[in-house]
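**Student:** My questions will all concern the structure given below.
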Amino acid sequence: MSNDPQKVPENPFSALLDPSQAFRGPKTDAEFEPMDTESTQNSVDMANLEEKQDDVGKEAQERLAVNQFVEEVFLITLDTEKRPNRVEHLVFLEELSGSCRDQSWLEWDQLDQALFERLLIQSPAKFLSKTSIGPDSPSLMKQAVENRILFYLFDCFLRLQRKSGNFAQYPQHIASAQSLIVNNAKTCLTNPEIFNDQKTHLQWIELFKERNDYMGGDELLKFLLLVADELEKDGDEGADVIKKILDAIRYKCDKEVSLFSPDLLLYIEIIGFFTRSKYLAETLLKFSTPRDPNNGKEWENTLLGVLLSKSCIPLMETGPFEFFERPSRYLQQEHDITQNNIWQAMARIHQRMSDVFLSLLKLGPGIRHRLLFWIGDCLRANSGKAKEWAEMTPFLYASDGFLVNLNAVLLKLCKPFAAPQSPKLLKVDYRYAASAPKSRSQAQQMSVHLQDLQKETCFISLDNRPEPTDVEFNFLTECFFMAHRCFYMGFNRLQSRFFKINQNLHRLEVAYRDLSQQRGESDSVVANMKERFDAGMSMFLSIKAALLEPQTLQAALDLHVASTTWLSNLASGNSIDAFNPISFPLSAQSPDYLGYVPEFILYNIADTLVFLQRFHENSIEDCGLHLDHLMTFLLIFMGHRSRLKNPHLRASLAEALAALLPHHPDVQRGRSNHLIPHFHRERIFNKHVHVEFLAASVIEVFVGIEMTGSGVAFEQKFNYRHPMYVVLDYIWEIEVHRKALTRLAVYTEEHMEDPTPPLFLRFINLLMNDAIYLLDEALSYMSQMKHNQRARDTGEWEQLPPDQRGERENSHRHMAMLARFHNIMSNETIHQFEVITRHIKSIFSHPMIVDRIANMLNYFLLHLVGPKRRDLKVKDADSFEFKPRQLVADICQVYLNLGDDKSFCSAISRDGRSYSRNLFPQAEEVLVRIGRPGCMISDFHALHEKVISLADSQEADEEAFADAPEEFIDPIMGMLMSDPVTLPSSGVIVERATIARHLLSDQSDPFNRSPLNMEMIRPNLELKQRIEAWKQSIRSSKH
């Protein structure tokens, strides 16, 4: 500043200098004019002069304060002189200084112009002045020369907030300065071309990333919200700015961010900022809605969708793989570390995104409707994801990772009511899935944001299901159904895909092992197969990590257990306004409520239990007392067709029941942890309040699969029955179940010829059908495997062209897979006969069954111990699950279990197809060779002698009755009848036991296919008497 005395009067701060020099300048004549007035007049003049001096001082003080305020907040100046106690560095405004001539301070009314000039300076560093005598402040110098407009304005805003206390006496200036900063920020966003085309929308993002820390986070949010308020006032122009920012965020998240990227959580936090006002939230949701809402994949490409798509699951089966690449090169410990890191990253994403959704929901009805429509429309557009063929068209639907993450968010929203018998569950309205609003406005009015659920198959069919119209569903209801729908499309389908990958890897591993043994590791085909296996393992481990994330897995289990109590309450027949104790047996009439509930809820529960049993068994045991709710649920829906019409779904529940077993066969195969406790699982199978109904429920499902009337593939049918065998094998050893099964058998014996065959009789018949089919197929496959192995070992295949040899090898591997499947199932089926006949015997001696069971046992024993057994000796039999020793032992034990009954022993010898007098001695030799107990071998020898004795007398009768009249012979079995009956529609006469066996599987006349049951057949007493008389006459003539 100039020291010229002539300039002093122009300085408003001069009044603050030494009073004796405050207004010193060139003397005027008036200064030396004598005072020629009276004393009173002198006093008045002096007062006026002092008042003027005070006014000048106050004005100067205010100007000084304003200049100091502007310099400290905006870091700009018109004065480059160094003085103590000034800001260290200030940007000199050259143009404004020139227009103000010799003025070295900033007036308040010049601030707008001053700030504008500062914002237009491209290189503030060129105008930086050292304005303080004190030491430099690098941080303040950096702020002073900041050339990014938004950063500079926010720093001004931040300094304003922190220094406002120093200028509290000028509140109007503080408010004006804040308004000026905010409006300039808005202007630079709406008109960046004015400011040297700075990309201010990108600066907005970078500002949030750099300055949203514990030091300036609150001030930044306040600043950005004030700017947003101003943008809102600009209408479409302001909205376009927000969308431009959001689009930049979407691009960065899509192209630059992955699951482990540090910026991912920061971008989610930025999105969280847009939940702080209705205007921002509405703009966010509009921007996140795809142009084509019916395109499922487009939802993943929106801003919210991109954030939710960050996952460890590769988009394609062949990669690229972000995690677990070439897993065969790493130790399991390293895979575990990677998995834990993935879990931590996923948990953070799920929590942050659920916070975003929850904040949006709290912004009032308008935003809540928009968000729920976003979720509902997204799920509707991706509904095809639940179909099996969706894996073939991944480009049509959102990725698995997206749906898994969205479901994790929804599961967190369900947490307040995801507890068994929670009072809040009673608020879930079962009618929701039947709603079909006619318009968007009606959907909003009814709060039905997830549409098309009325097209889903429900638990039962209702002839006339009223459609709810005059109702507004609550948030809990929507959250419940949305979470289950998303789970079915995401987790459930991914679990199914995961199981398939697991199976394919097993097959590939077997093929790789076989081929590498033949050709060596260096063979190109073998190397290619190893690459495929490695890629498959990468996909397997990636999906496994996504499915087993602990927090989401627990949230899913909590919801499913809670859902079982809700469903059981609906099915119980009690009032659904409260959770009341459920009494068994249930009423025959099913509540209509179940006609509104989609089946996919039940699939979610069943499939999750199966998944947990195989890959996270301890979580089932950790349910503790809540396992009782699961057992009640399974007993209700598994064993009552009136509550669940779909037999395939009831079979899935049987598999879920097997998943609850404390000792599952998978433990023996090394896939489960032996150290996992099983107290609670043992308890529900022994002491559950309704456990006595479990055995009948399992058998009901077993029979129901066969009686569907639909073309269930053999493999699928036996896959359904496998877990039922596992359950039955376990419960036979528990007294309460053994008594229940015995009661079923007793009832069956008393009602063998009822029009509708008893449940246990149908079960035994189907068990025999399965055994005959499965073991026959298994033995046939093993014989073919023997032939193939011989051809390969002799070099026959090596002589073939490469393409033919490859076909043979592929066919051989496929046959091995089929052989393994049939062996597993036949082993289990034969074992079931051994277990059943150990406890229940008399039913197998009934004329309807005895010949069939004896013929079946003879046939299989002949193949296993007779001359043809050599055709079954294959290499590596264990890999095909072929266990001939166990089969022989089980079959022989069935003979012994039933051997006390004379009719059974007679039936053994009566079998002219498979039985011969040397069959049992051959079996004895095998029993000795495989090391069975001596007592068993001696008992089997005694049975042999008993059968031989009966065979002698039986052969005499057969020889005597060999020339029986044709009318005495059963037309189906070709045997002499003892209890002939007449079929009402065809008039054909057959043996009672023959037609009874037929009707167990087919309720029709075998000669004309007309409907038939045992009540309709007519005993032919006259023919029976003639047969008996003829037999007696033959016997008499022999003596």
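Just remember, in the structure tokens the first chain shown is A, the second B, etc., residues are 1-based per chain, and ligands are 1-based in the order shown.
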Which polymer residues have any atom within 9 Å of an atom of region 690-692 of chain A, counting only C-alpha atoms, with same-chain residues fewer than 2 positions away left out, as a PyMOL selection string?

**Tutor:** chain A and resi 583-585+631-632+635+684-688+694-696+736-737+739-740

**Student:** Separation of CA of Glu621 (chain A) and CA of His680 (chain A), in Å?

**Tutor:**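 Interatomic distance here is 6.3 Å.
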
**Student:** Region 546-562 of chain A: which residues within 6 Å, counting only C-alpha atoms, same-chain residues fewer than 4 positions away excluded, as an NGL selection string?

**Tutor:** :A and (343 or 408 or 418-420 or 605)

**Student:** Just to be explicit: take each residue in the selection above, keep N, CA, C and O atoms, and write the result as a PDB file, in the first residue's frame.

**Tutor:**
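Everything below was put into selection_31.pdb:
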```
ATOM      1  N   TRP A 343     -16.195 -62.848   1.043  1.00  0.00           N
ATOM      2  CA  TRP A 343     -17.316 -62.702   1.981  1.00  0.00           C
ATOM      3  C   TRP A 343     -17.327 -61.323   2.625  1.00  0.00           C
ATOM      4  O   TRP A 343     -18.387 -60.697   2.759  1.00  0.00           O
ATOM      5  N   ALA A 408     -29.946 -60.286  -1.258  1.00  0.00           N
ATOM      6  CA  ALA A 408     -29.313 -60.020   0.041  1.00  0.00           C
ATOM      7  C   ALA A 408     -29.860 -58.735   0.646  1.00  0.00           C
ATOM      8  O   ALA A 408     -30.095 -58.653   1.862  1.00  0.00           O
ATOM      9  N   ALA A 418     -38.375 -61.682  10.265  1.00  0.00           N
ATOM     10  CA  ALA A 418     -37.827 -62.993   9.910  1.00  0.00           C
ATOM     11  C   ALA A 418     -37.473 -63.790  11.157  1.00  0.00           C
ATOM     12  O   ALA A 418     -36.311 -64.114  11.416  1.00  0.00           O
ATOM     13  N   ALA A 419     -38.491 -64.113  11.943  1.00  0.00           N
ATOM     14  CA  ALA A 419     -38.321 -64.925  13.149  1.00  0.00           C
ATOM     15  C   ALA A 419     -39.526 -65.842  13.270  1.00  0.00           C
ATOM     16  O   ALA A 419     -40.645 -65.450  12.924  1.00  0.00           O
ATOM     17  N   PRO A 420     -39.339 -67.074  13.731  1.00  0.00           N
ATOM     18  CA  PRO A 420     -40.458 -68.018  13.811  1.00  0.00           C
ATOM     19  C   PRO A 420     -41.604 -67.463  14.654  1.00  0.00           C
ATOM     20  O   PRO A 420     -41.399 -66.963  15.759  1.00  0.00           O
ATOM     21  N   ILE A 605     -37.577 -73.049   0.391  1.00  0.00           N
ATOM     22  CA  ILE A 605     -37.291 -73.657   1.692  1.00  0.00           C
ATOM     23  C   ILE A 605     -36.642 -75.023   1.529  1.00  0.00           C
ATOM     24  O   ILE A 605     -35.609 -75.328   2.143  1.00  0.00           O
TER      25      ILE A 605
END
```

**Student:** Can you pull out the residues contacting region 194-211 of chain A? Cut-off 8 Å, using only C-alpha atoms, and skip same-chain residues under 6 positions away; I want them as a PyMOL selection string.

**Tutor:** chain A and resi 119-120+122+148-151+188+217+220+241+244-245+248-249+266+270

**Student:** Put those residues in a file: N, CA, C and O atoms, as a compact mmCIF listing (two decimals), in the first residue's frame.

**Tutor:**
```
# COMPACT_ATOMS: atom_id res chain seq x y z
N LEU A 119 -13.07 -17.23 -10.38
CA LEU A 119 -13.47 -18.49 -11.01
C LEU A 119 -13.01 -18.58 -12.46
O LEU A 119 -12.84 -19.69 -12.99
N LEU A 120 -12.83 -17.44 -13.10
CA LEU A 120 -12.42 -17.45 -14.50
C LEU A 120 -10.91 -17.59 -14.67
O LEU A 120 -10.44 -17.82 -15.78
N GLN A 122 -7.66 -19.27 -15.05
CA GLN A 122 -7.29 -20.64 -15.37
C GLN A 122 -6.10 -21.11 -14.55
O GLN A 122 -6.01 -22.29 -14.18
N ARG A 148 -9.77 -26.10 -9.79
CA ARG A 148 -11.03 -26.83 -10.04
C ARG A 148 -12.15 -26.07 -9.34
O ARG A 148 -12.16 -25.94 -8.12
N ILE A 149 -13.08 -25.62 -10.13
CA ILE A 149 -14.08 -24.67 -9.62
C ILE A 149 -14.83 -25.22 -8.42
O ILE A 149 -14.95 -24.55 -7.39
N LEU A 150 -15.38 -26.43 -8.55
CA LEU A 150 -16.19 -26.97 -7.45
C LEU A 150 -15.36 -27.17 -6.20
O LEU A 150 -15.83 -26.94 -5.08
N PHE A 151 -14.13 -27.61 -6.36
CA PHE A 151 -13.26 -27.80 -5.20
C PHE A 151 -13.01 -26.45 -4.52
O PHE A 151 -13.06 -26.34 -3.29
N CYS A 188 -21.76 -23.21 -12.31
CA CYS A 188 -20.67 -23.93 -12.97
C CYS A 188 -21.09 -25.33 -13.38
O CYS A 188 -20.51 -25.92 -14.29
N GLY A 217 -16.79 -34.02 6.07
CA GLY A 217 -17.91 -34.77 5.51
C GLY A 217 -19.24 -34.10 5.69
O GLY A 217 -20.03 -33.97 4.74
N LEU A 220 -19.52 -31.04 3.56
CA LEU A 220 -19.65 -31.37 2.14
C LEU A 220 -21.09 -31.74 1.81
O LEU A 220 -21.65 -31.29 0.80
N VAL A 241 -28.41 -31.84 -15.06
CA VAL A 241 -27.09 -31.84 -14.40
C VAL A 241 -26.96 -33.07 -13.49
O VAL A 241 -25.94 -33.77 -13.50
N LYS A 244 -26.46 -36.12 -15.47
CA LYS A 244 -25.11 -36.17 -16.03
C LYS A 244 -24.12 -36.70 -14.99
O LYS A 244 -23.23 -37.49 -15.31
N ILE A 245 -24.30 -36.26 -13.76
CA ILE A 245 -23.45 -36.77 -12.67
C ILE A 245 -23.69 -38.26 -12.46
O ILE A 245 -22.75 -39.06 -12.35
N ALA A 248 -22.15 -40.39 -15.15
CA ALA A 248 -20.70 -40.53 -14.97
C ALA A 248 -20.38 -41.55 -13.88
O ALA A 248 -19.45 -42.35 -14.01
N ILE A 249 -21.18 -41.52 -12.81
CA ILE A 249 -20.99 -42.52 -11.74
C ILE A 249 -21.25 -43.92 -12.29
O ILE A 249 -20.50 -44.86 -12.01
N LEU A 266 -17.22 -46.36 -1.89
CA LEU A 266 -17.32 -44.91 -1.97
C LEU A 266 -18.41 -44.50 -2.94
O LEU A 266 -19.19 -43.58 -2.67
N ILE A 270 -21.76 -42.39 -2.33
CA ILE A 270 -22.22 -41.26 -3.15
C ILE A 270 -23.69 -41.44 -3.50
O ILE A 270 -24.48 -40.49 -3.41
```

**Student:** To one decimal in Å, tell me the separation between CA of Asn405 (chain A) and CA of Ser309 (chain A).

**Tutor:**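 Those two atoms sit 7.1 Å apart.
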
**Student:** Which neighbours of Met638 (chain A) fall inside 7 Å, counting only C-alpha atoms, when residues of the same chain fewer than 2 positions from it are skipped, and could you give them as number ranges by chain?

**Tutor:** A: 634-636, 640, 650, 653-654, 697, 701

**Student:** What are the DSSP helix (DSSP H, G or I) residues of region 276-459 of chain A, as an MDAnalysis selection string?

**Tutor:** chainID A and resid 278:287 296:300 303:308 327:329 332:361 365:381 383:386 388:392 394:396 400:417 423:427 430:434 440:446 453:455

**Student:** Need the shell around region 379-385 of chain A: protein/DNA/RNA residues with any atom at most 10 Å away, counting only C-alpha atoms. Skip same-chain ones fewer than 3 positions apart. Format as a compact mmCIF listing (two decimals) with N, CA and C atoms, in the first residue's frame?

**Tutor:**
```txt
# COMPACT_ATOMS: atom_id res chain seq x y z
N ASP A 292 -36.29 -49.74 -21.69
CA ASP A 292 -37.19 -50.88 -21.94
C ASP A 292 -37.33 -51.67 -20.65
N PRO A 293 -38.34 -51.39 -19.85
CA PRO A 293 -38.47 -52.06 -18.54
C PRO A 293 -38.79 -53.54 -18.66
N ASN A 294 -39.12 -54.01 -19.85
CA ASN A 294 -39.42 -55.43 -20.03
C ASN A 294 -38.18 -56.25 -20.35
N ASN A 295 -37.07 -55.57 -20.56
CA ASN A 295 -35.80 -56.25 -20.83
C ASN A 295 -35.07 -56.49 -19.51
N GLY A 296 -35.01 -57.74 -19.11
CA GLY A 296 -34.42 -58.06 -17.82
C GLY A 296 -32.98 -57.64 -17.68
N LYS A 297 -32.20 -57.80 -18.74
CA LYS A 297 -30.78 -57.47 -18.68
C LYS A 297 -30.56 -55.98 -18.48
N GLU A 298 -31.48 -55.15 -19.01
CA GLU A 298 -31.31 -53.70 -18.92
C GLU A 298 -31.32 -53.21 -17.47
N TRP A 299 -32.01 -53.90 -16.61
CA TRP A 299 -32.06 -53.47 -15.21
C TRP A 299 -30.68 -53.54 -14.57
N PHE A 373 -41.68 -50.15 -7.06
CA PHE A 373 -41.93 -50.43 -8.47
C PHE A 373 -40.61 -50.81 -9.17
N TRP A 374 -39.53 -50.15 -8.78
CA TRP A 374 -38.23 -50.50 -9.37
C TRP A 374 -37.90 -51.96 -9.09
N ILE A 375 -38.08 -52.38 -7.85
CA ILE A 375 -37.80 -53.78 -7.49
C ILE A 375 -38.77 -54.72 -8.19
N GLY A 376 -40.06 -54.39 -8.11
CA GLY A 376 -41.08 -55.26 -8.69
C GLY A 376 -40.94 -55.40 -10.19
N GLU A 388 -35.56 -73.29 -16.53
CA GLU A 388 -34.37 -74.09 -16.74
C GLU A 388 -33.58 -73.63 -17.95
N TRP A 389 -34.29 -73.18 -18.99
CA TRP A 389 -33.61 -72.80 -20.22
C TRP A 389 -32.93 -71.44 -20.12
N ALA A 390 -33.09 -70.74 -19.00
CA ALA A 390 -32.49 -69.41 -18.86
C ALA A 390 -30.97 -69.47 -18.94
N GLU A 391 -30.37 -70.60 -18.55
CA GLU A 391 -28.92 -70.72 -18.61
C GLU A 391 -28.40 -70.65 -20.04
N THR A 393 -29.64 -68.67 -22.33
CA THR A 393 -29.84 -67.32 -22.88
C THR A 393 -29.48 -66.28 -21.82
N PRO A 394 -28.23 -66.24 -21.38
CA PRO A 394 -27.85 -65.31 -20.31
C PRO A 394 -27.97 -63.85 -20.71
N LEU A 396 -30.42 -62.40 -22.00
CA LEU A 396 -31.79 -61.89 -21.84
C LEU A 396 -32.08 -61.40 -20.43
N TYR A 397 -31.32 -61.88 -19.46
CA TYR A 397 -31.66 -61.62 -18.07
C TYR A 397 -30.46 -61.10 -17.29
N ALA A 398 -30.76 -60.53 -16.15
CA ALA A 398 -29.70 -60.04 -15.27
C ALA A 398 -28.85 -61.21 -14.79
N SER A 399 -27.65 -60.91 -14.41
CA SER A 399 -26.70 -61.96 -14.00
C SER A 399 -27.07 -62.55 -12.65
N ASP A 400 -26.51 -63.71 -12.36
CA ASP A 400 -26.72 -64.35 -11.06
C ASP A 400 -26.22 -63.45 -9.93
N LEU A 403 -28.77 -60.72 -9.04
CA LEU A 403 -29.94 -61.20 -8.31
C LEU A 403 -29.58 -61.66 -6.90
N LEU A 406 -29.19 -58.38 -4.95
CA LEU A 406 -30.50 -57.77 -4.72
C LEU A 406 -31.26 -58.54 -3.66
N HIS A 449 -46.67 -53.83 -6.12
CA HIS A 449 -45.60 -53.40 -7.00
C HIS A 449 -44.94 -54.57 -7.72
N LEU A 450 -45.13 -55.77 -7.22
CA LEU A 450 -44.63 -56.98 -7.87
C LEU A 450 -45.81 -57.67 -8.54
N GLN A 451 -45.87 -57.56 -9.85
CA GLN A 451 -47.04 -58.05 -10.57
C GLN A 451 -46.75 -59.37 -11.28
N ASP A 452 -47.81 -59.97 -11.78
CA ASP A 452 -47.80 -61.24 -12.50
C ASP A 452 -47.67 -62.45 -11.59
N LEU A 453 -47.69 -62.25 -10.27
CA LEU A 453 -47.64 -63.42 -9.38
C LEU A 453 -48.90 -64.27 -9.50
N MET A 482 -41.54 -60.30 -2.30
CA MET A 482 -40.42 -59.88 -3.15
C MET A 482 -39.16 -60.66 -2.80
N ARG A 485 -39.55 -64.20 -4.07
CA ARG A 485 -39.49 -64.26 -5.52
C ARG A 485 -38.06 -64.08 -6.01
N CYS A 486 -37.38 -63.12 -5.45
CA CYS A 486 -35.99 -62.86 -5.84
C CYS A 486 -35.10 -64.04 -5.45
N TYR A 488 -35.96 -67.15 -5.31
CA TYR A 488 -36.23 -68.24 -6.26
C TYR A 488 -35.50 -68.02 -7.57
N MET A 489 -35.49 -66.78 -8.05
CA MET A 489 -34.83 -66.44 -9.31
C MET A 489 -33.32 -66.39 -9.17
N GLY A 490 -32.83 -66.02 -7.99
CA GLY A 490 -31.40 -65.83 -7.79
C GLY A 490 -30.75 -67.01 -7.09
N ARG A 493 -32.04 -70.75 -8.19
CA ARG A 493 -31.56 -71.17 -9.51
C ARG A 493 -30.04 -71.34 -9.52
```

**Student:** Under the rule of at most 12 Å, produce a per-residue listing of region 549-663 of chain A near region 495-498 of chain A: chain, number, name, the closest pair of atoms, and the distance in Å, as a tab-separated table, using only C-alpha atoms.

**Tutor:**
```
residue	atom	partner	partner_atom	distance
A:Tyr603	CA	A:Ser496	CA	11.3
A:Asn604	CA	A:Gln495	CA	10.2
A:Ala606	CA	A:Gln495	CA	11.7
A:Asp607	CA	A:Gln495	CA	8.0
A:Thr608	CA	A:Gln495	CA	8.2
A:Leu609	CA	A:Gln495	CA	11.1
A:Val610	CA	A:Gln495	CA	9.7
A:Phe611	CA	A:Gln495	CA	7.1
A:Leu612	CA	A:Gln495	CA	10.3
A:Arg614	CA	A:Gln495	CA	11.2
A:Phe615	CA	A:Gln495	CA	10.8
```

**Student:** So that I have them on file, write out the residues from the current selection with N, CA, C and O atoms, as a compact mmCIF listing (two decimals), in the first residue's frame.

**Tutor:**
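Contents of again_19.txt, freshly written:
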```txt
# COMPACT_ATOMS: atom_id res chain seq x y z
N TYR A 603 -40.41 -74.26 -2.69
CA TYR A 603 -39.16 -74.69 -3.33
C TYR A 603 -37.96 -74.01 -2.67
O TYR A 603 -36.91 -74.64 -2.47
N ASN A 604 -38.10 -72.73 -2.35
CA ASN A 604 -37.01 -72.02 -1.70
C ASN A 604 -36.59 -72.70 -0.41
O ASN A 604 -35.40 -72.89 -0.13
N ALA A 606 -37.25 -75.86 0.69
CA ALA A 606 -36.75 -77.22 0.52
C ALA A 606 -35.34 -77.24 -0.06
O ALA A 606 -34.44 -77.92 0.44
N ASP A 607 -35.14 -76.48 -1.13
CA ASP A 607 -33.85 -76.50 -1.80
C ASP A 607 -32.74 -75.91 -0.92
O ASP A 607 -31.58 -76.36 -0.99
N THR A 608 -33.09 -74.93 -0.12
CA THR A 608 -32.07 -74.34 0.76
C THR A 608 -31.63 -75.34 1.82
O THR A 608 -30.44 -75.44 2.14
N LEU A 609 -32.55 -76.10 2.37
CA LEU A 609 -32.18 -77.11 3.36
C LEU A 609 -31.26 -78.16 2.75
O LEU A 609 -30.28 -78.59 3.38
N VAL A 610 -31.55 -78.57 1.53
CA VAL A 610 -30.70 -79.55 0.86
C VAL A 610 -29.31 -78.97 0.61
O VAL A 610 -28.29 -79.64 0.84
N PHE A 611 -29.28 -77.74 0.17
CA PHE A 611 -27.99 -77.08 -0.07
C PHE A 611 -27.18 -76.97 1.21
O PHE A 611 -25.98 -77.26 1.24
N LEU A 612 -27.84 -76.56 2.30
CA LEU A 612 -27.13 -76.40 3.57
C LEU A 612 -26.60 -77.73 4.07
O LEU A 612 -25.49 -77.81 4.61
N ARG A 614 -25.53 -80.17 2.42
CA ARG A 614 -24.37 -80.61 1.65
C ARG A 614 -23.15 -79.71 1.82
O ARG A 614 -22.02 -80.18 1.75
N PHE A 615 -23.39 -78.40 2.06
CA PHE A 615 -22.26 -77.49 2.03
C PHE A 615 -22.11 -76.61 3.27
O PHE A 615 -21.11 -75.92 3.40
```

**Student:** Can you list, as a ChimeraX atom specification, every protein, DNA or RNA residue that comes within 12 Å of Ser179 (chain A) when you count only C-alpha atoms, leaving out same-chain residues fewer than 6 positions away?

**Tutor:** /A:111-112,153,156-157,160,172-173,185-186,223,226-227,229-230

**Student:** Go ahead and write the selection's residues with C-alpha atoms as a PDB file, in the first residue's frame.

**Tutor:**
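Once everything was written out, this is result.pdb:
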```pdb
ATOM      1  CA  LEU A 111     -17.679  -9.706  -3.885  1.00  0.00           C
ATOM      2  CA  ASP A 112     -19.855 -11.100  -6.668  1.00  0.00           C
ATOM      3  CA  LEU A 153     -16.084 -23.199  -4.029  1.00  0.00           C
ATOM      4  CA  CYS A 156     -14.696 -21.400   0.387  1.00  0.00           C
ATOM      5  CA  PHE A 157     -17.877 -22.901   1.838  1.00  0.00           C
ATOM      6  CA  LEU A 160     -17.034 -19.871   5.696  1.00  0.00           C
ATOM      7  CA  GLN A 172     -26.207 -10.912   6.768  1.00  0.00           C
ATOM      8  CA  HIS A 173     -22.787 -11.081   5.143  1.00  0.00           C
ATOM      9  CA  ALA A 185     -21.540 -23.822  -7.783  1.00  0.00           C
ATOM     10  CA  LYS A 186     -24.896 -24.347  -9.422  1.00  0.00           C
ATOM     11  CA  PHE A 223     -22.858 -27.892   0.570  1.00  0.00           C
ATOM     12  CA  LEU A 226     -27.710 -26.678  -0.934  1.00  0.00           C
ATOM     13  CA  VAL A 227     -26.455 -26.892  -4.500  1.00  0.00           C
ATOM     14  CA  ASP A 229     -31.785 -27.330  -3.834  1.00  0.00           C
ATOM     15  CA  GLU A 230     -30.735 -24.656  -6.299  1.00  0.00           C
TER      16      GLU A 230
END
```
